[in-house]
Each structure stands twice: as C-alpha cells, then as structure tokens.
Number of protein chains: 2
Amino acid sequence: MISQLIQKIQKTKAPICIGLDPMLGYIPEHILKKSFGEFGETLEGAADAIWQFNKEIIDHTYDLVPSVKPQIAMYEQFGIEGLKVYVKTVEYCHSKGLLVIGDAKRGDIGSTSAAYATAHIGSVKVGSSVCKAFNTDFLTVNPYLGTDGVKPFVDVCKAEDKGLFVLVKTSNPSSGEFQDQKIDGRPLYELVADKVMEWGADCMDGDYSNVGAVVGATYPEMSGILRKLMPHTYFLVPGYGAQGGTAADLKPCFNEDGLGAVVNSSRGIIAAYKQDKYAKFGPEHFTEASRQAVADMAADINSVL
Amino acid sequence: MISQLIQKIQKTKAPICIGLDPMLGYIPEHILKKSFGEFGETLEGAADAIWQFNKEIIDHTYDLVPSVKPQIAMYEQFGIEGLKVYVKTVEYCHSKGLLVIGDAKRGDIGSTSAAYATAHIGSVKVGSSVCKAFNTDFLTVNPYLGTDGVKPFVDVCKAEDKGLFVLVKTSNPSSGEFQDQKIDGRPLYELVADKVMEWGADCMDGDYSNVGAVVGATYPEMSGILRKLMPHTYFLVPGYGAQGGTAADLKPCFNEDGLGAVVNSSRGIIAAYKQDKYAKFGPEHFTEASRQAVADMAADINSVL
C-alpha cells in the first residue's frame, strides 16, 4: 500500500494529504442554508452539509493530490448520520483515485484492536459472506497499550495490503507531557519508534514499510532525529499551516531522496477561503480558494526539498 | 455522574459493569439463524443478531447491576448498521435505568478531542438546535497526547455532569511495554495517574471525581499502589474472569470502605453459557447462564471486600 502512495506522490509532485475535517464553522453559508432548508437543523441537516462541502472540495482538488485524511471524530460528532457521510466520502475519494487515510487513532487490547482493524481496513465474516465496513487504505493507531494492541492492525495490513500510521510524536502543544519523558536517557517517543520499526519489519513494500509513523511538523528537531532513526518508515506529518508548522519545519521529515513523508493540512486547505490570503475568492468560490491553497502548499514544500 | 454510579452500586451490592461486547461467535445459533434468515448474511443481519442478543442479556440482568460497558469496536466492525445497534443499545440500557460506560478509548489533539467529547458524552450545535449523537454517561479516554488532548473531555464532563475513565494501567499482556517504563524511578503509569488526578481535581462529585482511571485487574500489585496514590479516583477495572484476574486480584482496586472500583466482565457474562460451569443452561437459555454468572461474580467480589 505504501508503494501506491509513493507512486501517487511522485505523479502529483505533492506529498500532501488533504485533511477532510469538516467543522460546520468552515462551511459556507449557502451550503448550510440549502442543507438545513432540506433536512432542518438536525444531525441529517449537518451531515448533508458536510457531505456537500466535502464533495465540492474533492471535485476541485482530486487531480492535485495523492491522498486525503478524513478525521473520523468530525463525522462521529453527528452520530450515525455523520458516519454515513464518512463512508460516502471514503467511497467518493476512491472513485476519484485518491488514497484514503482514516484518521481514527484506534487502539485497545488485542481482541478489541482486531475488531477495529476489521472495521477500518479489513473485512468481517458474517456467516459465509465477507463484508467491509469503513474500507480506508490506511489507519492511524495509538500505541499506548503496546505490541498486543497494535499487532492485530499489522496482521490486517499484511493480509489485505493496507497501511498504518502509529502515533510516535504528535503535533499538539502538550504532546511532550508523556511522549518526551526520558527513559534511560531516551524519550518515550523513541522507544515507540523502535517498536514501530519492529512491527513494520515484515511489512515492507518496496523501500518503505506499510507500518508508518505520525510525526508532528511542530517539533522539527525531534522529527529530524526520528527521520534518521527510522529510514524505512513513512511519516504522516500533521501540524503544517494552521497548527504552526512551516515548510522549513517539514524538511527534517523527509529523506535525502525527497520521499519519506506525507504532510497533512486540514483547515489550511478546506477553509482556505476564510484566510486573508484567499479572501478574494469569497465563500461562493471556496473550492477555488482550496485549489489555490493546495497548489501553494505543494510549491511551499517543494521549495525546501 | 460518579455519585449516581456509586448509589447504584450500593443499591445492587454489585460493583460490576457488564461488557456488552457481542462477537458473532458468542451469539447462540437460534438468534443468528433468525437474523440471517430475515436480513441475509450481511452487515444488517449481523447487526440484528447483536441487537437481539444484547436485548436478551439486558432484559435478564438489568436489575442486578448498576452499569454496562459496550465496547464500540464490536459495533464499528459492522459499520453503520453496527453503530445503529450501539445507539439502540445505549438507549435501551438507559430505559432500564442502567448507566452506560462507552468504551471507545478516544483521544486526539484538542480540537479533535472536542469533537469526540461532543459525539460521545456531549451535545453538538446544529444551527440553533442542540443534538446528541451517542449519549453515553461515561467514556474511556486515551492519554497519550497529554493534557490538551484530554481537557476537552473534562470540559464536557463539567458542563453536562458526565464521567471519564482515562487509561492508566491497562489489563493486556503487553501493557507494560510503555506504561511500566521508569521515568526518574517512577513508572509512566504513575505519571499518567498524577495527571488524571490533576484533570479531575475540579470535577469532584462527592468523595470521588468524575474523572476516573482504567486500571487492569491483572496487575494487582500495581493497582494497590495506584489505589493509595489516587484515593478520590474511581477505577474502571477490566481483566476479571476471561482475561485471568481473580477476586483476590481485585481487592487492591478497592478502598477500605468497599468503594472505588467498578469491575467489568464481558465474555464471562455474555457468553457464560459457553463455559463448562454454566453449560447446563444450554444455548437456548443463555440469558439464565448470564444471570447466574452475574450473581456469581457479585458474590465472588463481595467475598473479598
């Protein structure tokens, strides 16, 4: 699976995933008005609005990027109706040739992680049939429970040629509270990095493993150390743009060959029309603002590679 | 919210939550046959079977226990259809007077955790209306991202009188891989415990905080230390029964007053009819096996308190 992502990155010259995290506050008034008019100010109405919004964004950016990353929390908040849109969004992205990174950060004891793996990247047996639930290509995973909580996800990756990104060093301000704590002189995130490499060692797909790592753009010194420590691990990099990470901060996430990282931007792309820089497009033409923001982001990243 | 749980524990004399984690393999043939007959061997068929199974279990045990803990992964694996049953199960448990601990182990950066908190224990604003998605009373939370990833859950607890159980020391075999690592001589799970107390300090609801901790039954020495360290933190204790924890192992999870812990059993109750001990009931009377298993579990725990 990671080799497919790399091919698409090379083709588009954009090591980017668009974070499809549709908060209602990002959605232009004309879409909200139409959806609320049809379905009321209800979970159905909200779900319809995020679907219309996603569809427009995808239609106007799919040819520029290799991948998208829907954050499932943004759909879960609208309950079943929201999750139906998550499923529809994954399907629609696939129909446009995009790879989909399900950002769910699941992780539990073995038998439960197996159920999550089944749900998101695997298949579930029902009697003699085999069904798929959410069907993303990659999934983000939380490592706090250790090997037996991660192994079931790795097993599904192997069986179905899917990929993972395991949280190593996250982009948020308090990520250091536990992740940076020193154990025999090394931060916890490096111990997690060691395990990620171990888990990924027999999931190689070309030069990189299907078991990748989440490494935030906001701590460039640490990502540089992790990059050297994990030469065959692909990084999913959040934190660019709205969270403060710059192109210079991203450079240490990449290997010498210009590969090794896929950078996420959510607000910075999907709500680009709200930034001064793209205000000229106006809410009616929000998709053009998003398209311009993708092009600008790709140019910005390529300028440091 | 924690005071409501304590009242119900005192009334039922059973510090128990039934883990509603319906694997298809636990469901008696006669239920599967009926559901597959009606809906086919599809996600709808599987979802109907887990719903019929849950309903039977709840109908035959609700008067004996204060709470249930549906593990959302077991519903997610059946996609939208499965999650509809999660919602229906939560509603049905509420109608029977049970408190519901949503076992979802969510956790992310601040804005995303806020969306998860909204989804599971809070309310979401849609235009001028306020809607609820999953509406459980408690939620389990993963702390790996630190304070800003947990704070949004705590804020919703305060606003809506709900409760949390934050992962501190989990019950699974490899939980020690990261959680037991020593930082300045103290294991990571104690640092997490310190933070859980800090997060819960202004969420007191009687003698205990609405911010509780997940502490596995399978490491009794460690739970004894945590019990003393966190006198005002309620423990959600997985690992009893099928995972190997005994009543003697549970004792250190409780305070002197017999309070302080609610113990989960999933397989041990919902699939009791599959154990030799309860085989006499047979699959046709699986609910009687479950009812007996609940009574036996309560007696077992009370014998050490």
# chains A, B, ... in the order shown; residues from 1 in each chain; ligands from 1

call {"tool": "residues_around", "arguments": {"residues": "Val304 in chain A", "least_positions_apart": "6", "cutoff": "9 Å", "atoms": "only C-alpha atoms", "output": "MDAnalysis selection string"}}
result
chainID A and resid 247:248 250:251

call {"tool": "select_by_dssp", "arguments": {"residues": "range 18-200 of chain B", "states": "strand (DSSP E)", "output": "PyMOL selection string"}}
result
chain B and resi 18+67-68+99-106+124-126+129-131+138-141+163-169+182-183+186-187

call {"tool": "write_last_selection", "arguments": {"atoms": "N, CA and C atoms", "output": "short mmCIF file (atom, residue, chain, number, x, y, z; two decimals), in the first residue's frame"}}
result
data_model
loop_
_atom_site.label_atom_id
_atom_site.label_comp_id
_atom_site.auth_asym_id
_atom_site.auth_seq_id
_atom_site.Cartn_x
_atom_site.Cartn_y
_atom_site.Cartn_z
N ILE B 18 -21.40 -4.85 33.03
CA ILE B 18 -21.45 -5.95 32.07
C ILE B 18 -20.89 -5.43 30.75
N SER B 67 -24.50 -0.92 35.90
CA SER B 67 -23.95 -0.34 34.67
C SER B 67 -23.56 -1.38 33.64
N VAL B 68 -23.46 -0.92 32.43
CA VAL B 68 -22.95 -1.74 31.32
C VAL B 68 -21.84 -0.97 30.63
N LEU B 99 -26.60 2.75 33.93
CA LEU B 99 -25.63 3.73 33.47
C LEU B 99 -24.76 3.08 32.40
N VAL B 100 -24.37 3.88 31.42
CA VAL B 100 -23.64 3.32 30.28
C VAL B 100 -22.25 3.94 30.16
N ILE B 101 -21.26 3.07 30.22
CA ILE B 101 -19.87 3.48 30.03
C ILE B 101 -19.50 3.15 28.59
N GLY B 102 -19.35 4.18 27.76
CA GLY B 102 -18.96 3.97 26.37
C GLY B 102 -17.47 3.67 26.33
N ASP B 103 -17.12 2.46 25.89
CA ASP B 103 -15.70 2.11 25.87
C ASP B 103 -15.16 2.36 24.47
N ALA B 104 -14.63 3.55 24.28
CA ALA B 104 -14.21 3.97 22.94
C ALA B 104 -12.74 4.37 22.91
N LYS B 105 -12.16 4.61 24.07
CA LYS B 105 -10.72 4.94 24.19
C LYS B 105 -10.31 5.98 23.16
N ARG B 106 -11.11 7.05 23.04
CA ARG B 106 -10.78 8.11 22.11
C ARG B 106 -9.72 9.02 22.72
N VAL B 124 -24.01 18.53 20.26
CA VAL B 124 -23.45 19.29 19.15
C VAL B 124 -24.48 20.34 18.71
N LYS B 125 -23.98 21.54 18.43
CA LYS B 125 -24.87 22.60 17.97
C LYS B 125 -25.01 22.52 16.45
N VAL B 126 -26.25 22.44 15.99
CA VAL B 126 -26.52 22.46 14.55
C VAL B 126 -27.46 23.64 14.32
N SER B 129 -30.25 24.49 16.91
CA SER B 129 -30.65 23.34 17.74
C SER B 129 -29.44 22.64 18.35
N VAL B 130 -29.74 21.86 19.39
CA VAL B 130 -28.70 21.13 20.09
C VAL B 130 -29.04 19.64 19.96
N CYS B 131 -28.11 18.84 19.43
CA CYS B 131 -28.38 17.42 19.17
C CYS B 131 -27.36 16.56 19.92
N PHE B 138 -20.56 7.76 30.63
CA PHE B 138 -19.11 7.81 30.83
C PHE B 138 -18.44 7.46 29.49
N LEU B 139 -17.17 7.85 29.38
CA LEU B 139 -16.39 7.49 28.19
C LEU B 139 -14.97 7.14 28.62
N THR B 140 -14.38 6.12 28.00
CA THR B 140 -12.96 5.85 28.24
C THR B 140 -12.11 6.68 27.28
N VAL B 141 -10.97 7.13 27.77
CA VAL B 141 -10.13 8.09 27.04
C VAL B 141 -8.66 7.66 27.09
N GLY B 163 -18.97 11.47 33.03
CA GLY B 163 -17.75 10.94 33.63
C GLY B 163 -16.79 10.37 32.60
N LEU B 164 -15.51 10.26 33.01
CA LEU B 164 -14.47 9.67 32.16
C LEU B 164 -13.75 8.57 32.92
N PHE B 165 -13.18 7.65 32.19
CA PHE B 165 -12.16 6.76 32.73
C PHE B 165 -10.96 6.83 31.78
N VAL B 166 -9.87 7.38 32.28
CA VAL B 166 -8.68 7.58 31.46
C VAL B 166 -7.76 6.36 31.63
N LEU B 167 -7.24 5.83 30.54
CA LEU B 167 -6.32 4.69 30.60
C LEU B 167 -5.10 5.04 31.45
N VAL B 168 -4.86 4.27 32.49
CA VAL B 168 -3.65 4.46 33.30
C VAL B 168 -2.78 3.21 33.17
N LYS B 169 -3.30 2.08 33.66
CA LYS B 169 -2.54 0.82 33.54
C LYS B 169 -3.53 -0.21 33.00
N LYS B 182 10.29 3.28 33.36
CA LYS B 182 10.63 4.14 34.50
C LYS B 182 11.14 5.52 34.06
N ILE B 183 10.54 6.52 34.66
CA ILE B 183 10.93 7.91 34.41
C ILE B 183 11.33 8.49 35.77
N ARG B 186 10.06 6.33 38.52
CA ARG B 186 8.63 6.02 38.64
C ARG B 186 8.10 5.54 37.29
N PRO B 187 7.20 4.54 37.30
CA PRO B 187 6.66 4.08 36.01
C PRO B 187 5.78 5.15 35.36
#

call {"tool": "select_by_dssp", "arguments": {"residues": "range 65-198 of chain A", "states": "helix (DSSP H, G or I)", "output": "JSON list (two decimals) with C-alpha atoms, in the first residue's frame"}}
result
[["chain", "number", "residue", "atom", "x", "y", "z"],
["A", 73, "ALA", "CA", -14.23, 12.50, 15.03],
["A", 74, "MET", "CA", -15.63, 15.26, 12.83],
["A", 75, "TYR", "CA", -18.17, 12.75, 11.47],
["A", 76, "GLU", "CA", -18.80, 10.92, 14.78],
["A", 79, "GLY", "CA", -23.70, 10.36, 15.06],
["A", 80, "ILE", "CA", -24.94, 7.78, 12.58],
["A", 81, "GLU", "CA", -25.80, 10.46, 10.01],
["A", 82, "GLY", "CA", -22.26, 11.82, 10.24],
["A", 83, "LEU", "CA", -20.70, 8.39, 9.90],
["A", 84, "LYS", "CA", -22.78, 7.65, 6.80],
["A", 85, "VAL", "CA", -21.07, 10.69, 5.26],
["A", 86, "TYR", "CA", -17.68, 9.34, 6.37],
["A", 87, "VAL", "CA", -18.41, 6.13, 4.44],
["A", 88, "LYS", "CA", -19.73, 8.08, 1.43],
["A", 89, "THR", "CA", -16.65, 10.33, 1.49],
["A", 90, "VAL", "CA", -14.27, 7.34, 1.54],
["A", 91, "GLU", "CA", -16.13, 5.78, -1.40],
["A", 92, "TYR", "CA", -16.22, 9.02, -3.35],
["A", 93, "CYS", "CA", -12.48, 9.62, -2.81],
["A", 94, "HIS", "CA", -11.77, 6.09, -4.04],
["A", 95, "SER", "CA", -13.86, 6.72, -7.15],
["A", 110, "GLY", "CA", -5.78, -7.45, 21.29],
["A", 111, "SER", "CA", -9.30, -8.77, 20.65],
["A", 112, "THR", "CA", -10.70, -5.23, 20.52],
["A", 113, "SER", "CA", -7.95, -3.92, 18.25],
["A", 114, "ALA", "CA", -8.75, -6.86, 15.97],
["A", 115, "ALA", "CA", -12.35, -5.61, 15.74],
["A", 116, "TYR", "CA", -11.19, -2.05, 14.99],
["A", 117, "ALA", "CA", -8.77, -3.34, 12.34],
["A", 118, "THR", "CA", -11.63, -5.31, 10.79],
["A", 119, "ALA", "CA", -13.86, -2.23, 10.88],
["A", 120, "HIS", "CA", -11.47, 0.22, 9.27],
["A", 147, "THR", "CA", 2.51, -4.71, 20.98],
["A", 148, "ASP", "CA", -0.58, -6.84, 21.55],
["A", 149, "GLY", "CA", -2.77, -3.77, 20.99],
["A", 150, "VAL", "CA", -1.06, -2.93, 17.67],
["A", 151, "LYS", "CA", -0.34, -6.40, 16.28],
["A", 152, "PRO", "CA", -3.94, -7.07, 15.07],
["A", 153, "PHE", "CA", -3.75, -3.93, 12.91],
["A", 154, "VAL", "CA", -0.40, -5.09, 11.48],
["A", 155, "ASP", "CA", -1.86, -8.53, 10.74],
["A", 156, "VAL", "CA", -4.68, -6.98, 8.70],
["A", 157, "CYS", "CA", -2.17, -4.77, 6.86],
["A", 158, "LYS", "CA", -0.30, -7.89, 5.81],
["A", 159, "ALA", "CA", -3.41, -9.84, 4.84],
["A", 160, "GLU", "CA", -5.06, -7.05, 2.85],
["A", 173, "PRO", "CA", 1.34, 21.60, 22.40],
["A", 174, "SER", "CA", 1.21, 19.09, 25.29],
["A", 175, "SER", "CA", 2.46, 16.09, 23.31],
["A", 176, "GLY", "CA", 5.68, 16.21, 25.33],
["A", 177, "GLU", "CA", 3.97, 15.61, 28.67],
["A", 178, "PHE", "CA", 4.33, 11.85, 28.29],
["A", 179, "GLN", "CA", 5.95, 11.39, 24.88],
["A", 188, "LEU", "CA", 9.43, 7.70, 25.20],
["A", 189, "TYR", "CA", 8.69, 8.58, 21.55],
["A", 190, "GLU", "CA", 11.99, 6.97, 20.55],
["A", 191, "LEU", "CA", 11.02, 3.75, 22.34],
["A", 192, "VAL", "CA", 7.73, 3.86, 20.47],
["A", 193, "ALA", "CA", 9.70, 4.48, 17.26],
["A", 194, "ASP", "CA", 11.79, 1.34, 17.96],
["A", 195, "LYS", "CA", 8.59, -0.69, 18.30],
["A", 196, "VAL", "CA", 7.07, 0.81, 15.16],
["A", 197, "MET", "CA", 10.12, -0.38, 13.23],
["A", 198, "GLU", "CA", 9.87, -3.81, 14.82]]

call {"tool": "residues_around", "arguments": {"residues": "Thr246 in chain A", "least_positions_apart": "4", "cutoff": "12 Å", "atoms": "only C-alpha atoms", "output": "count of residues only"}}
result
22

call {"tool": "closest_residue", "arguments": {"among": "B:Lys274, B:Lys162, B:Arg227, B:Lys55", "to": "Val211 in chain B", "atoms": "only C-alpha atoms"}}
result
B:Lys162

call {"tool": "closest_residue", "arguments": {"among": "B:Gly268, B:Gly224, B:Gly258, B:Gly122", "to": "Leu305 in chain B", "atoms": "only C-alpha atoms"}}
result
B:Gly258

call {"tool": "closest_residue", "arguments": {"among": "B:Asp48, B:Glu38, B:Asp184, B:Asp202", "to": "chain A", "atoms": "only C-alpha atoms"}}
result
B:Asp184

call {"tool": "atom_distance", "arguments": {"atom1": "CA of His232 in chain B", "atom2": "CA of Ser171 in chain B"}}
result
21.1 Å

call {"tool": "closest_residue", "arguments": {"among": "B:Leu43, B:Leu98, B:Ala289, B:Met222", "to": "Ile9 in chain B", "atoms": "only C-alpha atoms"}}
result
B:Leu98

call {"tool": "closest_residue", "arguments": {"among": "B:Gly127, B:Ser223, B:Thr233, B:Phe254", "to": "Glu29 in chain A", "atoms": "only C-alpha atoms"}}
result
B:Gly127

call {"tool": "atom_distance", "arguments": {"atom1": "CA of Gln71 in chain A", "atom2": "CA of Pro22 in chain A"}}
result
8.6 Å

call {"tool": "closest_residue", "arguments": {"among": "B:Tyr62, B:Phe134, B:Tyr26, B:Trp51", "to": "chain A", "atoms": "only C-alpha atoms"}}
result
B:Phe134

call {"tool": "residues_around", "arguments": {"residues": "Arg291 in chain A", "least_positions_apart": "6", "cutoff": "8 Å", "atoms": "only C-alpha atoms", "output": "PDB file with N, CA and C atoms, in the first residue's frame"}}
result
ATOM      1  N   HIS A  60     -12.726  19.563  -6.728  1.00  0.00           N
ATOM      2  CA  HIS A  60     -11.851  20.643  -7.198  1.00  0.00           C
ATOM      3  C   HIS A  60     -10.389  20.476  -6.804  1.00  0.00           C
ATOM      4  N   THR A  61     -10.046  19.345  -6.170  1.00  0.00           N
ATOM      5  CA  THR A  61      -8.637  19.170  -5.769  1.00  0.00           C
ATOM      6  C   THR A  61      -8.079  17.770  -6.081  1.00  0.00           C
ATOM      7  N   ILE A 269      -6.489  24.093   4.015  1.00  0.00           N
ATOM      8  CA  ILE A 269      -6.995  23.873   2.658  1.00  0.00           C
ATOM      9  C   ILE A 269      -8.519  23.997   2.603  1.00  0.00           C
TER      10      ILE A 269
END
